[in-house]
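Accompanying notes for the structure given below.
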Amino acid sequence: EPEVTQTPSHQVTQMGQEVILRCVPISNHLYFYWYRQILGQKVEFLVSFYNNEISEKSEIFDDQFSVERPDGSNFTLKIRSTKLEDSAMYFCASTYRGANSIYPYEQYFGPGTRLTVT
Amino acid sequence: DAKTTQPNSMESNEEEPVHLPCNHSTISGTDYIHWYRQLPSQGPEYVIHGLTSNVNNRMASLAIAEDRKSSTLILHRATLRDAAVYYCILRDTGGGADGLTFGKGTHLIIQP
């Protein structure tokens, strides 16, 4: 069964450094997402991406964050200058949604990248 | 997305049915009811969804009240692997590609 993959599984970085989290969504999916979950808290939506541009973003997704689909398979989240409070699990997700469909298809999540900022 | 209310936690025994309730009294006519779960140290996982009629799949059943103000996720025979946090999420038809809004969900504990 196709699945969303994420690398690395764990990333440790120092405050102020840039990090790039990588995801490979399911191949025929068209919408891609990033979520984060701070330890012990709710899963929070960050951003959605469709047709090479941001479709929707939350208040959390400020200028420190950016997303990119550099090629036909990868989807990345970049944090420019990490802060201690960026420490969290980051989940990538994808969904199939036809261009003319309004049906809320299910989203498929990856296993996550644990980001630790020291 | 409209608000849902779920119990913080529930406990059940292995191999017994589990009924996980969700209240969504402000649901609109175009909202689908989706259920996801998150196993320990894993990403959320889609379980099931429905609009008006009860639904069954290989993982669970979804029973939707006639007035649609509440629903129940049914695990017919719980296993230890079903121990997870279960989230009930309303998703508007028009916002089908929108990001999901997770609440705190119900922490399901399965006793052997």
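Scheme for the structure tokens: letters A, B, ... for chains in order shown; per-chain residue numbers from 1; ligand numbers from 1 in order shown.
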
Discussion item. With 10 Å as the limit and counting only C-alpha atoms, what residues in chain B lie close to chain A? Please list them as a PyMOL selection string.
Written reply: chain B and resi 31-36+38+41-49+90-105

Keeping C-alpha atoms for every residue in the selection just given, could you write it to a file as a JSON list (two decimals), in the first residue's frame?
```json
[["chain", "number", "residue", "atom", "x", "y", "z"],
["B", 31, "ASP", "CA", -20.25, 18.70, 6.93],
["B", 32, "TYR", "CA", -18.81, 15.22, 6.66],
["B", 33, "ILE", "CA", -17.89, 13.43, 9.89],
["B", 34, "HIS", "CA", -14.34, 12.11, 9.73],
["B", 35, "TRP", "CA", -12.51, 9.99, 12.27],
["B", 36, "TYR", "CA", -8.76, 9.74, 12.56],
["B", 38, "GLN", "CA", -3.04, 8.45, 16.30],
["B", 41, "SER", "CA", 4.62, 7.78, 18.36],
["B", 42, "GLN", "CA", 2.97, 7.71, 14.93],
["B", 43, "GLY", "CA", 1.26, 10.11, 12.59],
["B", 44, "PRO", "CA", -2.52, 10.40, 12.47],
["B", 45, "GLU", "CA", -4.29, 7.71, 10.48],
["B", 46, "TYR", "CA", -7.62, 7.95, 8.68],
["B", 47, "VAL", "CA", -10.25, 5.60, 10.09],
["B", 48, "ILE", "CA", -13.64, 6.28, 8.53],
["B", 49, "HIS", "CA", -16.03, 9.02, 7.46],
["B", 90, "LEU", "CA", -16.06, 17.75, 10.82],
["B", 91, "ARG", "CA", -15.07, 18.62, 7.28],
["B", 92, "ASP", "CA", -17.10, 20.85, 5.04],
["B", 93, "THR", "CA", -17.73, 19.61, 1.54],
["B", 94, "GLY", "CA", -16.56, 22.87, 0.02],
["B", 95, "GLY", "CA", -13.34, 22.83, 2.03],
["B", 96, "GLY", "CA", -12.36, 19.35, 1.04],
["B", 97, "ALA", "CA", -8.67, 20.13, 0.72],
["B", 98, "ASP", "CA", -8.42, 22.33, 3.79],
["B", 99, "GLY", "CA", -6.12, 21.49, 6.65],
["B", 100, "LEU", "CA", -7.57, 19.35, 9.39],
["B", 101, "THR", "CA", -8.39, 20.89, 12.76],
["B", 102, "PHE", "CA", -7.56, 18.37, 15.46],
["B", 103, "GLY", "CA", -9.01, 18.61, 18.95],
["B", 104, "LYS", "CA", -7.70, 16.74, 21.96],
["B", 105, "GLY", "CA", -9.54, 13.58, 20.96]]
```

Discussion item. Env of A:Ile20: 9 Å cut, atoms = only C-alpha atoms, seq-sep filter 5 positions within chain, self excluded. Answer as a PyMOL selection string.
Written reply: chain A and resi 76-80

Could you turn the residues from that selection into a file that holds all heavy atoms, as an mmCIF file, in the first residue's frame?
```
data_model
loop_
_atom_site.group_PDB
_atom_site.id
_atom_site.type_symbol
_atom_site.label_atom_id
_atom_site.label_comp_id
_atom_site.auth_asym_id
_atom_site.auth_seq_id
_atom_site.Cartn_x
_atom_site.Cartn_y
_atom_site.Cartn_z
ATOM 1 N N THR A 76 9.099 19.798 0.759
ATOM 2 C CA THR A 76 9.958 20.155 1.891
ATOM 3 C C THR A 76 9.382 21.295 2.723
ATOM 4 O O THR A 76 8.649 22.152 2.218
ATOM 5 C CB THR A 76 11.357 20.573 1.414
ATOM 6 O OG1 THR A 76 11.244 21.740 0.596
ATOM 7 C CG2 THR A 76 12.028 19.457 0.630
ATOM 8 N N LEU A 77 9.747 21.276 4.001
ATOM 9 C CA LEU A 77 9.442 22.360 4.922
ATOM 10 C C LEU A 77 10.776 22.907 5.420
ATOM 11 O O LEU A 77 11.593 22.152 5.947
ATOM 12 C CB LEU A 77 8.611 21.862 6.107
ATOM 13 C CG LEU A 77 8.346 22.872 7.229
ATOM 14 C CD1 LEU A 77 7.405 23.975 6.746
ATOM 15 C CD2 LEU A 77 7.746 22.175 8.455
ATOM 16 N N LYS A 78 10.982 24.205 5.240
ATOM 17 C CA LYS A 78 12.210 24.834 5.711
ATOM 18 C C LYS A 78 11.880 25.780 6.852
ATOM 19 O O LYS A 78 10.917 26.561 6.764
ATOM 20 C CB LYS A 78 12.887 25.617 4.587
ATOM 21 C CG LYS A 78 14.213 26.269 5.006
ATOM 22 C CD LYS A 78 14.711 27.294 4.010
ATOM 23 C CE LYS A 78 15.155 26.697 2.723
ATOM 24 N NZ LYS A 78 15.779 27.709 1.828
ATOM 25 N N ILE A 79 12.669 25.679 7.906
ATOM 26 C CA ILE A 79 12.583 26.653 8.995
ATOM 27 C C ILE A 79 13.895 27.427 8.974
ATOM 28 O O ILE A 79 14.973 26.836 9.135
ATOM 29 C CB ILE A 79 12.376 25.981 10.367
ATOM 30 C CG1 ILE A 79 11.196 25.009 10.326
ATOM 31 C CG2 ILE A 79 12.123 27.048 11.440
ATOM 32 C CD1 ILE A 79 11.001 24.203 11.592
ATOM 33 N N ARG A 80 13.826 28.731 8.737
ATOM 34 C CA ARG A 80 15.039 29.504 8.453
ATOM 35 C C ARG A 80 15.940 29.665 9.665
ATOM 36 O O ARG A 80 17.145 29.492 9.582
ATOM 37 C CB ARG A 80 14.667 30.885 7.917
ATOM 38 C CG ARG A 80 14.140 30.860 6.528
ATOM 39 C CD ARG A 80 14.030 32.247 5.920
ATOM 40 N NE ARG A 80 13.432 32.150 4.617
ATOM 41 C CZ ARG A 80 12.136 32.014 4.378
ATOM 42 N NH1 ARG A 80 11.294 32.002 5.383
ATOM 43 N NH2 ARG A 80 11.667 31.912 3.142
#
```

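Residue nearest A:Met15, chosen from A:Asn51, A:Gln64, A:Ser73, A:Thr118 and counting only C-alpha atoms: A:Thr118.
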
Worksheet item: Which neighbours of A:Gln14 fall inside 10 Å, counting only C-alpha atoms, when residues of the same chain fewer than 5 positions from it are skipped, and could you give them as JSON, numbers by chain?
Response: {"A": [19, 81, 82, 83, 84, 116, 117, 118]}

Within 10 Å of B:His24, counting only C-alpha atoms, which residues qualify if same-chain residues fewer than 5 places away don't, as a PDB file with N, CA, C and O atoms, in the first residue's frame?
```
ATOM      1  N   ALA B   2     -16.776  23.081  12.139  1.00  0.00           N
ATOM      2  CA  ALA B   2     -17.617  23.146  13.330  1.00  0.00           C
ATOM      3  C   ALA B   2     -16.973  22.366  14.460  1.00  0.00           C
ATOM      4  O   ALA B   2     -16.168  21.471  14.247  1.00  0.00           O
ATOM      5  N   LYS B   3     -17.385  22.695  15.680  1.00  0.00           N
ATOM      6  CA  LYS B   3     -16.733  22.138  16.859  1.00  0.00           C
ATOM      7  C   LYS B   3     -17.274  20.748  17.190  1.00  0.00           C
ATOM      8  O   LYS B   3     -18.455  20.457  16.990  1.00  0.00           O
ATOM      9  N   THR B   4     -16.409  19.898  17.703  1.00  0.00           N
ATOM     10  CA  THR B   4     -16.814  18.577  18.198  1.00  0.00           C
ATOM     11  C   THR B   4     -16.408  18.438  19.648  1.00  0.00           C
ATOM     12  O   THR B   4     -15.469  19.078  20.103  1.00  0.00           O
ATOM     13  N   THR B   5     -17.138  17.585  20.371  1.00  0.00           N
ATOM     14  CA  THR B   5     -16.840  17.325  21.772  1.00  0.00           C
ATOM     15  C   THR B   5     -16.699  15.825  21.963  1.00  0.00           C
ATOM     16  O   THR B   5     -17.601  15.061  21.577  1.00  0.00           O
ATOM     17  N   GLN B   6     -15.568  15.432  22.568  1.00  0.00           N
ATOM     18  CA  GLN B   6     -15.308  14.011  22.819  1.00  0.00           C
ATOM     19  C   GLN B   6     -14.848  13.834  24.263  1.00  0.00           C
ATOM     20  O   GLN B   6     -14.241  14.744  24.829  1.00  0.00           O
ATOM     21  N   ILE B  33     -18.472  13.815   8.604  1.00  0.00           N
ATOM     22  CA  ILE B  33     -17.894  13.431   9.894  1.00  0.00           C
ATOM     23  C   ILE B  33     -16.735  12.486   9.605  1.00  0.00           C
ATOM     24  O   ILE B  33     -16.922  11.406   9.041  1.00  0.00           O
ATOM     25  N   ARG B  68     -28.008  14.055  13.135  1.00  0.00           N
ATOM     26  CA  ARG B  68     -26.578  14.297  12.825  1.00  0.00           C
ATOM     27  C   ARG B  68     -25.861  15.129  13.883  1.00  0.00           C
ATOM     28  O   ARG B  68     -24.739  15.578  13.663  1.00  0.00           O
ATOM     29  N   LYS B  69     -26.437  15.299  15.024  1.00  0.00           N
ATOM     30  CA  LYS B  69     -25.779  16.089  16.071  1.00  0.00           C
ATOM     31  C   LYS B  69     -24.801  15.259  16.885  1.00  0.00           C
ATOM     32  O   LYS B  69     -24.093  15.783  17.750  1.00  0.00           O
ATOM     33  N   SER B  70     -24.747  13.988  16.647  1.00  0.00           N
ATOM     34  CA  SER B  70     -23.764  13.141  17.316  1.00  0.00           C
ATOM     35  C   SER B  70     -23.457  11.931  16.440  1.00  0.00           C
ATOM     36  O   SER B  70     -24.219  11.604  15.522  1.00  0.00           O
ATOM     37  N   SER B  71     -22.319  11.313  16.735  1.00  0.00           N
ATOM     38  CA  SER B  71     -21.945  10.094  16.029  1.00  0.00           C
ATOM     39  C   SER B  71     -21.144   9.215  16.974  1.00  0.00           C
ATOM     40  O   SER B  71     -20.669   9.675  18.027  1.00  0.00           O
ATOM     41  N   CYS B  88     -12.452  13.023  16.251  1.00  0.00           N
ATOM     42  CA  CYS B  88     -13.648  13.222  15.452  1.00  0.00           C
ATOM     43  C   CYS B  88     -13.551  14.625  14.847  1.00  0.00           C
ATOM     44  O   CYS B  88     -13.393  15.608  15.582  1.00  0.00           O
ATOM     45  N   ILE B  89     -13.607  14.724  13.535  1.00  0.00           N
ATOM     46  CA  ILE B  89     -13.376  16.004  12.855  1.00  0.00           C
ATOM     47  C   ILE B  89     -14.475  16.221  11.824  1.00  0.00           C
ATOM     48  O   ILE B  89     -14.773  15.326  11.025  1.00  0.00           O
ATOM     49  N   LEU B  90     -15.065  17.403  11.834  1.00  0.00           N
ATOM     50  CA  LEU B  90     -16.056  17.749  10.816  1.00  0.00           C
ATOM     51  C   LEU B  90     -15.359  18.450   9.653  1.00  0.00           C
ATOM     52  O   LEU B  90     -14.512  19.321   9.861  1.00  0.00           O
TER      53      LEU B  90
END
```

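For stretch 1-40 of chain A, backbone-based DSSP labels the following residues as strand (DSSP E): Thr5, Gln6, Thr7, His10, Gln11, Val12, Thr13, Val19, Ile20, Leu21, Arg22, Cys23, Val24, Tyr31, Phe32, Tyr33, Trp34, Tyr35, Arg36 and Gln37 of chain A.
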
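Picture a line from atom CA of B:Ile110 to atom CA of B:Thr79; it runs 7.1 Å.
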
Item to complete: Would you kindly return, as JSON, numbers by chain, each protein, DNA or RNA residue with an atom no farther than 10 Å from any atom of stretch 12-16 of chain B, considering only C-alpha atoms and excluding same-chain residues fewer than 2 positions away?
Response: {"B": [10, 18, 19, 75, 76, 77, 78, 79, 80, 81, 82, 83, 108, 109, 110, 111, 112]}

Keeping only all heavy atoms, take the residues you just selected and write them out as a compact mmCIF listing (two decimals), in the first residue's frame.
```
# COMPACT_ATOMS: atom_id res chain seq x y z
N MET B 10 -11.21 6.91 27.48
CA MET B 10 -12.09 5.77 27.68
C MET B 10 -11.23 4.53 27.83
O MET B 10 -10.11 4.48 27.30
CB MET B 10 -13.04 5.59 26.49
CG MET B 10 -14.10 6.66 26.38
SD MET B 10 -15.26 6.35 25.04
CE MET B 10 -16.06 4.86 25.58
N VAL B 18 -15.98 -1.43 21.38
CA VAL B 18 -15.75 -0.10 21.94
C VAL B 18 -16.61 0.90 21.18
O VAL B 18 -16.64 0.87 19.95
CB VAL B 18 -14.27 0.31 21.82
CG1 VAL B 18 -14.07 1.71 22.39
CG2 VAL B 18 -13.36 -0.69 22.52
N HIS B 19 -17.30 1.75 21.92
CA HIS B 19 -18.13 2.79 21.32
C HIS B 19 -17.57 4.14 21.73
O HIS B 19 -17.64 4.52 22.89
CB HIS B 19 -19.59 2.65 21.78
CG HIS B 19 -20.28 1.44 21.24
ND1 HIS B 19 -21.48 1.50 20.56
CD2 HIS B 19 -19.93 0.14 21.24
CE1 HIS B 19 -21.84 0.29 20.18
NE2 HIS B 19 -20.91 -0.56 20.59
N LEU B 75 -15.56 0.19 17.33
CA LEU B 75 -14.56 -0.85 17.07
C LEU B 75 -15.18 -2.14 17.55
O LEU B 75 -15.45 -2.29 18.75
CB LEU B 75 -13.27 -0.55 17.83
CG LEU B 75 -12.67 0.85 17.63
CD1 LEU B 75 -11.41 1.00 18.48
CD2 LEU B 75 -12.37 1.11 16.18
N HIS B 76 -15.39 -3.06 16.65
CA HIS B 76 -16.21 -4.24 16.98
C HIS B 76 -15.53 -5.19 17.95
O HIS B 76 -16.18 -5.83 18.77
CB HIS B 76 -16.63 -4.95 15.71
CG HIS B 76 -17.55 -4.11 14.88
ND1 HIS B 76 -18.88 -3.92 15.23
CD2 HIS B 76 -17.35 -3.39 13.76
CE1 HIS B 76 -19.45 -3.12 14.34
NE2 HIS B 76 -18.55 -2.78 13.45
N ARG B 77 -14.23 -5.27 17.86
CA ARG B 77 -13.49 -6.20 18.72
C ARG B 77 -12.11 -5.59 18.94
O ARG B 77 -11.21 -5.80 18.14
CB ARG B 77 -13.41 -7.55 18.04
CG ARG B 77 -13.09 -8.71 18.94
CD ARG B 77 -13.49 -10.03 18.28
NE ARG B 77 -12.89 -11.14 18.99
CZ ARG B 77 -11.76 -11.74 18.66
NH1 ARG B 77 -11.11 -11.35 17.59
NH2 ARG B 77 -11.27 -12.74 19.37
N ALA B 78 -11.98 -4.83 20.00
CA ALA B 78 -10.75 -4.07 20.21
C ALA B 78 -9.56 -4.98 20.46
O ALA B 78 -9.66 -6.00 21.15
CB ALA B 78 -10.93 -3.13 21.40
N THR B 79 -8.43 -4.58 19.91
CA THR B 79 -7.18 -5.26 20.20
C THR B 79 -6.24 -4.26 20.87
O THR B 79 -6.51 -3.05 20.88
CB THR B 79 -6.52 -5.79 18.93
OG1 THR B 79 -6.09 -4.66 18.14
CG2 THR B 79 -7.48 -6.64 18.11
N LEU B 80 -5.13 -4.75 21.39
CA LEU B 80 -4.17 -3.86 22.04
C LEU B 80 -3.66 -2.81 21.07
O LEU B 80 -3.31 -1.69 21.45
CB LEU B 80 -3.01 -4.66 22.63
CG LEU B 80 -3.37 -5.61 23.78
CD1 LEU B 80 -2.15 -6.42 24.21
CD2 LEU B 80 -3.95 -4.85 24.96
N ARG B 81 -3.64 -3.18 19.78
CA ARG B 81 -3.15 -2.27 18.75
C ARG B 81 -4.09 -1.09 18.52
O ARG B 81 -3.73 -0.10 17.90
CB ARG B 81 -2.94 -3.03 17.44
CG ARG B 81 -2.07 -2.26 16.47
CD ARG B 81 -2.12 -2.83 15.06
NE ARG B 81 -1.41 -1.99 14.13
CZ ARG B 81 -1.95 -0.94 13.52
NH1 ARG B 81 -3.20 -0.60 13.74
NH2 ARG B 81 -1.25 -0.20 12.69
N ASP B 82 -5.33 -1.20 19.02
CA ASP B 82 -6.29 -0.11 18.86
C ASP B 82 -6.12 0.98 19.91
O ASP B 82 -6.82 1.99 19.87
CB ASP B 82 -7.72 -0.64 18.91
CG ASP B 82 -8.06 -1.51 17.70
OD1 ASP B 82 -7.67 -1.15 16.58
OD2 ASP B 82 -8.73 -2.55 17.90
N ALA B 83 -5.21 0.78 20.85
CA ALA B 83 -4.95 1.82 21.85
C ALA B 83 -4.33 3.03 21.15
O ALA B 83 -3.26 2.94 20.54
CB ALA B 83 -4.00 1.29 22.92
N LEU B 108 -7.99 6.27 24.03
CA LEU B 108 -8.56 4.94 24.26
C LEU B 108 -7.50 4.02 24.85
O LEU B 108 -6.45 3.80 24.24
CB LEU B 108 -9.11 4.35 22.97
CG LEU B 108 -9.66 2.93 23.08
CD1 LEU B 108 -10.87 2.91 24.01
CD2 LEU B 108 -10.03 2.39 21.70
N ILE B 109 -7.82 3.49 26.01
CA ILE B 109 -6.93 2.55 26.70
C ILE B 109 -7.54 1.17 26.59
O ILE B 109 -8.73 0.98 26.90
CB ILE B 109 -6.76 2.95 28.18
CG1 ILE B 109 -6.15 4.36 28.26
CG2 ILE B 109 -5.90 1.95 28.93
CD1 ILE B 109 -6.31 5.00 29.62
N ILE B 110 -6.76 0.21 26.16
CA ILE B 110 -7.24 -1.17 26.02
C ILE B 110 -6.52 -2.03 27.07
O ILE B 110 -5.28 -2.09 27.09
CB ILE B 110 -6.97 -1.74 24.62
CG1 ILE B 110 -7.60 -0.85 23.55
CG2 ILE B 110 -7.52 -3.18 24.52
CD1 ILE B 110 -9.11 -0.79 23.58
N GLN B 111 -7.29 -2.67 27.89
CA GLN B 111 -6.73 -3.55 28.91
C GLN B 111 -6.69 -4.99 28.41
O GLN B 111 -7.65 -5.46 27.81
CB GLN B 111 -7.58 -3.50 30.19
CG GLN B 111 -7.64 -2.14 30.86
CD GLN B 111 -6.32 -1.77 31.53
OE1 GLN B 111 -5.37 -2.55 31.55
NE2 GLN B 111 -6.28 -0.57 32.08
N PRO B 112 -5.57 -5.68 28.61
CA PRO B 112 -5.49 -7.07 28.14
C PRO B 112 -6.39 -8.01 28.96
O PRO B 112 -6.80 -7.67 30.06
CB PRO B 112 -4.01 -7.41 28.33
CG PRO B 112 -3.50 -6.44 29.33
CD PRO B 112 -4.34 -5.20 29.24
```
